[in-house]
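Peer 1: For reference, the structure I am asking about is given below.
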Amino acid sequence: MASIQLDKIGKSFGAVDTIREIDLAIDDGEFVCLLGPSGCGKTTTLRMIAGLEQPSRGSIRIGGRDVTCAQPKDRNIGMVFQDYALYPHMTIADNIAYPLKVRGVAEATRHEKAREIAEVLHIGQLLDRLPAQISGGQQQRTSLARALVHPAAAFLFDEPLSNLDARMRVEARAFLHHLQRSRGMTAVYVTHDQAEAMALSTRIAVMCAGDIVQYAPPLEIYRRPATTFVAGFVGDPPMNLVAAQATRNGHDVALRGAGLQMAPIVSWPALDLALERSDRVTVGVRPEHLRITAGDVATNRLHGKLFANEAMGPESLVTLDLDGGVRVTARIFGDASLRIESDAAFAFDADRFTLFDAQGVRIPGAAEDPSN
Amino acid sequence: MSSRGAKVSSRTGVAFMTPAALLIGLFVVFPFFWIIAVSFSNRSLLGANALHPQFVGLKNYLDLFDPATFWGQGGFGPSLWLTIQFVVFSALCGQVLLGLVLAWISRELSPRAKSLLHGIVMLAWILPDVVVGFAWFAYLDRDAGTLNQLLRGLNFPAADFLIEHPFLTICMFNAWRGAAFSMMLFDAALQSIPPSYLETADVVGASSWQKLRDIVLPLIRGHIVTDLILITMWTFNVFTPFLLTAGGPSFESDILPIYTYRIAFKSFEFGKGAAIGVIVMLINLAFSLAYLRLAQRGLRKKGKAA
């Protein structure tokens with residue numbers, strides 16, 4: 001296993017900068033997800049690490065060795081593709097053993113190794129079948145086995161679970177998590193599914209329009225999203241974002257927005273600094289930090305008309321249309337007996353919201369531990 | 001589709017099919033059976049047999065395979081043997097292999113270079129026979145031809161290819177002329193292979209040859225069989241080399257279509273000519289079945305592993 005460093009990597013197709021400039025340091029044994037919407041450059045970044053795409057600028061090191069211009073085969077990596085790329089005319093055993101065949105390993109030896117790794121991945125009983133004769137989840141594991149059969153410095157995954165149905169995906173995700181943690185393999189994993197990224201990663205690199213906007217451990221990203229983009233991308237449902245206007249009242253700052261009412265904020269130096277540039281801010285609240293409130297008791301509240309009330313079993317998703325037209329969702333434990341179109345309000349605690357400045361960048365909070 | 005639409009479609013369908021069916025019947029189905037019938041008669045263009053052809057049984061076939069004349073100069077045997085060599089060298093080794101190589105190479109070219117290459121190769125295919133015939137005459141001319149000019153420039157002796165190497169010339173000609181079809185077919189076949197298949201092979205370090213042998217050829221097996229069947233058939237029946245050598249000199253490039261032409265339209269022995277046509281058809285059928293069997297054996301081997 002090895003570390004991976006991307007140093008000022010950029011990729012242009014003609015005049016279009018697909019990747020502007022990326023720095024990414026992945027430690028030995030880390031599981032890093034490149035997370036972002038389609039077209040953000042995450043797959044291109046992965047393909048540059050694999051050597052399937054040549055970066056326009058910058059350098060790539062794997063295990064300390066500069067591989068910027070090296071052929072894919074000289075980078076000592078294993079790769080799993082979204083469509084698994086299993087050869088339909090080869091048996092599962094031959095598919096898994098193919099990397100060894102290419103390296104000239106004798107047939108008996110390579111089939112022995114294929115059997116070993118297949119046992120680990122619980123597909124040992126399928127070795128004589130063809131890819132078309134096994135399920136999607138088993139195909140996915142076969143593809144994984146082929147990447148693992150030869151010891152590699154790092155493993156690259158290009159949305160390997162997105163062709164599976166929802167139930168299979170959760171199962172395969174846990175399996176992959178266990179496999180990576182128990183073997184300590186270095187992995188780079190591309191996905192647009194934030195739940196996958198949260199579940200698997202030691203660190204997530206959130207990408208948007210060819211840039212990495214935040215690179216941090218999953219919970220850090222969840223708790224302290226760097227921008228409104230990250231806040232609106234991570235979480236299911238994502239963080240609620242409501243525009244607000246700030247007015248200064250002596251030492252206090254009052255935030256007001258359509259459908260939003262908040263208690264005055266005292267002593268928040270970073271906020272004071274942000275307000276010198278613009279009085280427009282965005283208030284972000286996680287759905288699980290909202291609760292239904294009756295009357296005007298709470299000071300921090302969002303009020304509007306009930307749009308939907310979806311009971312999921314252990315929890316309910318309650319969605320309000322705020323007076324300003326913004327839609328916010330609360331995740332309520334149990335179920336809420338509210339009628340559609342009725343007036344309703346959510347309350348949230350003073351230490352349970354995040355503020356973003358006019359550029360959408362998070363304002364470091366007064367409520368958070370300054371050592372972080 | 002509504003039930004009304006379905007009701008209309010069966011009658012309208014027949015109406016739409018009729019013109020095509022008539023044409024196919026007239027120009028394909030009828031001649032097919034007609035030629036079989038003619039091959040058992042002594043029909044000719046001139047003489048008594050032209051008016052009143054008689055049934056002669058297998059006489060035409062027996063004449064063709066008569067041991068006394070079979071291997072004689074300008075006979076059926078040498079022509080058949082020459083044609084088989086012609087198919088093997090100009091079609092199988094020439095067009096199919098050349099087409100595959102061109103398609104495989106053009107995969108790695110830039111889009112512009114690729115369309116340029118394809119355009120040039122296609123040109124050889126779509127030009128009319130007569131134009132191509134004259135172009136090759138000009139190209140191969142003993143004194144002023146481009147090829148001989150080039151050879152002289154490289155200090156090689158000039159040659160009159162049409163006379164000194166007639167068979168080699170028509171082989172090269174046919175390979176050049178028909179490679180475009182195979183190239184286009186294989187190009188489409190290669191594009192049907194998901195890029196991730198070859199990228200996986202790149203990552204594990206497979207060479208270009210390993211990728212071709214282990215992944216590409218097995219995956220495009222169906223396309224290869226289709227190509228082999230068509231190319232073999234077309235080459236067996238190709239008449240264009242006649243424009244270059246007319247089968248000569250002294251029958252050295254006397255492939256079956258030219259031989260048939262000589263029998264049927266120079267000696268006017270329609271019955272015998274038809275018999276050759278039937279034999280060629282049977283040979284083509286045998287080749288096609290062999291190719292299909294080959295493809296199926298590959299499939300069965302795959303199935304057995306399951």
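Starting from 1 in every chain, residues are counted up; chains themselves are A, B, ... following the order of the structure tokens, and ligands are numbered from 1 as listed.
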Using DSSP on the backbone coordinates, identify all residues within range 26-117 of chain A classified as helix (DSSP H, G or I); present the result as a count of residues only.
Peer 2: 35
Peer 1: Go through chain B residue by residue and, counting only C-alpha atoms, keep those with an atom at most 8 Å from chain A; for each kept residue give the shortest atom pair and its distance in Å to one decimal, ordered by chain and increasing number, as a Markdown table.
Peer 2:
```
| residue | atom | partner | partner_atom | distance |
| --- | --- | --- | --- | --- |
| B:Pro194 | CA | A:Ala85 | CA | 7.7 |
| B:Ser196 | CA | A:Ala85 | CA | 5.6 |
| B:Tyr197 | CA | A:Ala85 | CA | 5.0 |
| B:Glu199 | CA | A:Leu52 | CA | 7.2 |
| B:Thr200 | CA | A:Ala85 | CA | 7.0 |
| B:Ala201 | CA | A:Pro99 | CA | 7.8 |
| B:Asp202 | CA | A:Pro72 | CA | 6.2 |
| B:Val203 | CA | A:Lys73 | CA | 4.8 |
| B:Val204 | CA | A:Pro99 | CA | 5.3 |
| B:Gly205 | CA | A:Lys73 | CA | 4.3 |
| B:Ala206 | CA | A:Val102 | CA | 5.6 |
| B:Gln210 | CA | A:Val102 | CA | 7.5 |
| B:Ile215 | CA | A:Tyr87 | CA | 7.1 |
| B:Pro218 | CA | A:His89 | CA | 6.9 |
| B:Leu219 | CA | A:His89 | CA | 7.2 |
| B:Lys302 | CA | A:His89 | CA | 6.6 |
| B:Ala305 | CA | A:Asp128 | CA | 6.0 |
| B:Ala306 | CA | A:Arg129 | CA | 4.7 |
```
Peer 1: So that I can see what lies close to range 181-191 of chain A, please list as a ChimeraX atom specification the residues with an atom at most 9 Å from it, counting only C-alpha atoms and leaving out residues fewer than 2 positions away in the same chain.
Peer 2: /A:1-4,26-37,42-43,46,152-162,176-179,193-194,196-197,200-201
Peer 1: Just want the 8 Å neighbourhood of Thr260 in chain B, counted on only C-alpha atoms, with same-chain residues fewer than 5 positions away dropped. Output as a PyMOL selection string.
Peer 2: chain B and resi 273+276-277
Peer 1: Store the residues of this selection in a file with N, CA and C atoms, as a compact mmCIF listing (two decimals), in the first residue's frame.
Peer 2:
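Just written: selection.txt:
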```txt
# COMPACT_ATOMS: atom_id res chain seq x y z
N GLY B 273 -22.06 -23.16 -68.26
CA GLY B 273 -21.84 -21.96 -67.44
C GLY B 273 -22.72 -21.99 -66.19
N ILE B 276 -21.33 -24.28 -63.59
CA ILE B 276 -20.25 -23.67 -62.79
C ILE B 276 -20.85 -22.77 -61.72
N GLY B 277 -21.85 -22.00 -62.13
CA GLY B 277 -22.51 -21.11 -61.17
C GLY B 277 -23.05 -21.88 -59.98
```
Peer 1: Quick one: everything within 10 Å of range 250-259 of chain B, counting only C-alpha atoms, minus sequence neighbours fewer than 4 positions away in the same chain. Send it as a PDB file with C-alpha atoms, in the first residue's frame.
Peer 2:
```pdb
ATOM      1  CA  GLN B  73      -4.793 -25.461 -69.559  1.00  0.00           C
ATOM      2  CA  GLY B  74      -7.779 -23.123 -69.272  1.00  0.00           C
ATOM      3  CA  GLY B  75      -9.709 -25.962 -67.637  1.00  0.00           C
ATOM      4  CA  PHE B  76     -12.022 -25.953 -64.667  1.00  0.00           C
ATOM      5  CA  GLY B  77      -9.492 -27.435 -62.225  1.00  0.00           C
ATOM      6  CA  PRO B  78      -6.768 -24.795 -62.463  1.00  0.00           C
ATOM      7  CA  SER B  79      -9.385 -22.064 -62.381  1.00  0.00           C
ATOM      8  CA  LEU B  80     -11.008 -23.502 -59.254  1.00  0.00           C
ATOM      9  CA  TRP B  81      -7.644 -23.918 -57.530  1.00  0.00           C
ATOM     10  CA  LEU B  82      -6.598 -20.401 -58.549  1.00  0.00           C
ATOM     11  CA  THR B  83      -9.852 -18.990 -57.215  1.00  0.00           C
ATOM     12  CA  ILE B  84      -9.416 -20.682 -53.859  1.00  0.00           C
ATOM     13  CA  GLN B  85      -5.920 -19.181 -53.608  1.00  0.00           C
ATOM     14  CA  PHE B  86      -7.366 -15.863 -54.715  1.00  0.00           C
ATOM     15  CA  VAL B  87      -9.970 -15.992 -51.921  1.00  0.00           C
ATOM     16  CA  LEU B 162       0.090  -7.297 -65.406  1.00  0.00           C
ATOM     17  CA  ILE B 163       2.114  -9.669 -67.565  1.00  0.00           C
ATOM     18  CA  GLU B 164       4.848 -10.846 -65.252  1.00  0.00           C
ATOM     19  CA  HIS B 165       2.848 -11.165 -62.016  1.00  0.00           C
ATOM     20  CA  PRO B 166      -0.815 -11.236 -63.050  1.00  0.00           C
ATOM     21  CA  PHE B 167      -2.051 -13.294 -60.067  1.00  0.00           C
ATOM     22  CA  LEU B 168      -0.152 -11.241 -57.495  1.00  0.00           C
ATOM     23  CA  THR B 169      -1.495  -8.093 -59.137  1.00  0.00           C
ATOM     24  CA  ILE B 170      -5.143  -9.083 -58.982  1.00  0.00           C
ATOM     25  CA  CYS B 171      -4.664 -10.249 -55.370  1.00  0.00           C
ATOM     26  CA  THR B 235     -14.428 -12.479 -53.844  1.00  0.00           C
ATOM     27  CA  PHE B 236     -15.596 -15.777 -55.339  1.00  0.00           C
ATOM     28  CA  ASN B 237     -17.889 -13.785 -57.607  1.00  0.00           C
ATOM     29  CA  VAL B 238     -15.776 -10.705 -58.310  1.00  0.00           C
ATOM     30  CA  PHE B 239     -15.404  -9.899 -61.985  1.00  0.00           C
ATOM     31  CA  THR B 240     -13.423  -6.649 -61.805  1.00  0.00           C
ATOM     32  CA  PRO B 241      -9.980  -8.326 -62.226  1.00  0.00           C
ATOM     33  CA  PHE B 242     -11.151  -9.054 -65.771  1.00  0.00           C
ATOM     34  CA  LEU B 244      -6.975  -5.673 -65.590  1.00  0.00           C
ATOM     35  CA  THR B 245      -5.876  -9.027 -67.007  1.00  0.00           C
ATOM     36  CA  ALA B 246      -8.922 -10.579 -68.736  1.00  0.00           C
ATOM     37  CA  ILE B 263     -17.723 -20.595 -71.129  1.00  0.00           C
ATOM     38  CA  ALA B 264     -21.116 -18.886 -71.038  1.00  0.00           C
ATOM     39  CA  PHE B 265     -20.636 -15.762 -73.085  1.00  0.00           C
ATOM     40  CA  LYS B 266     -17.722 -16.558 -75.376  1.00  0.00           C
ATOM     41  CA  GLY B 273     -21.845 -21.962 -67.436  1.00  0.00           C
ATOM     42  CA  ILE B 276     -20.252 -23.669 -62.793  1.00  0.00           C
ATOM     43  CA  GLY B 277     -22.511 -21.112 -61.172  1.00  0.00           C
ATOM     44  CA  VAL B 280     -19.634 -21.881 -56.973  1.00  0.00           C
TER      45      VAL B 280
END
```
Peer 1: Pick out the closest residue to Phe89 in chain B from this set: B:Ala175, B:Ala15, B:Leu26, B:Leu102. Count only C-alpha atoms.
Peer 2: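 Using only C-alpha atoms, the shortest distance to Phe89 in chain B belongs to B:Ala175.
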Peer 1: If we count only C-alpha atoms and set the cut-off at 7 Å, which residues sit around Gly99 in chain B, ignoring sequence neighbours fewer than 6 positions away in its own chain? Please answer as a compact mmCIF listing (two decimals) with N, CA and C atoms, in the first residue's frame.
Peer 2:
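Produced file selection.txt, reproduced below:
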```txt
# COMPACT_ATOMS: atom_id res chain seq x y z
N ALA B 179 -10.90 -3.71 -48.87
CA ALA B 179 -10.56 -3.63 -47.44
C ALA B 179 -11.50 -2.69 -46.69
N ALA B 180 -12.06 -1.71 -47.41
CA ALA B 180 -12.90 -0.71 -46.75
C ALA B 180 -14.08 -1.34 -46.03
N SER B 182 -14.46 -4.38 -44.73
CA SER B 182 -14.04 -5.03 -43.49
C SER B 182 -13.66 -3.99 -42.44
N MET B 183 -12.97 -2.94 -42.89
CA MET B 183 -12.55 -1.90 -41.95
C MET B 183 -13.77 -1.26 -41.28
```
Peer 1: Counting only C-alpha atoms, which of A:Val361, A:Leu24, A:Val105, A:Cys40 gets nearest to Ile62 in chain A?
Peer 2: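 Using only C-alpha atoms, Ile62 in chain A sits closest to A:Leu24.
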Peer 1: For a test of reading the model, state the distance in Å between CA of Ala108 in chain A and CA of Leu294 in chain B, rounded to one decimal.
Peer 2: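 Interatomic distance here is 27.9 Å.
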Peer 1: Take CA of Ile123 in chain A and CA of Gln138 in chain A and report the distance between them in Å, one decimal.
Peer 2: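 Here the two named atoms are 6.9 Å from each other.
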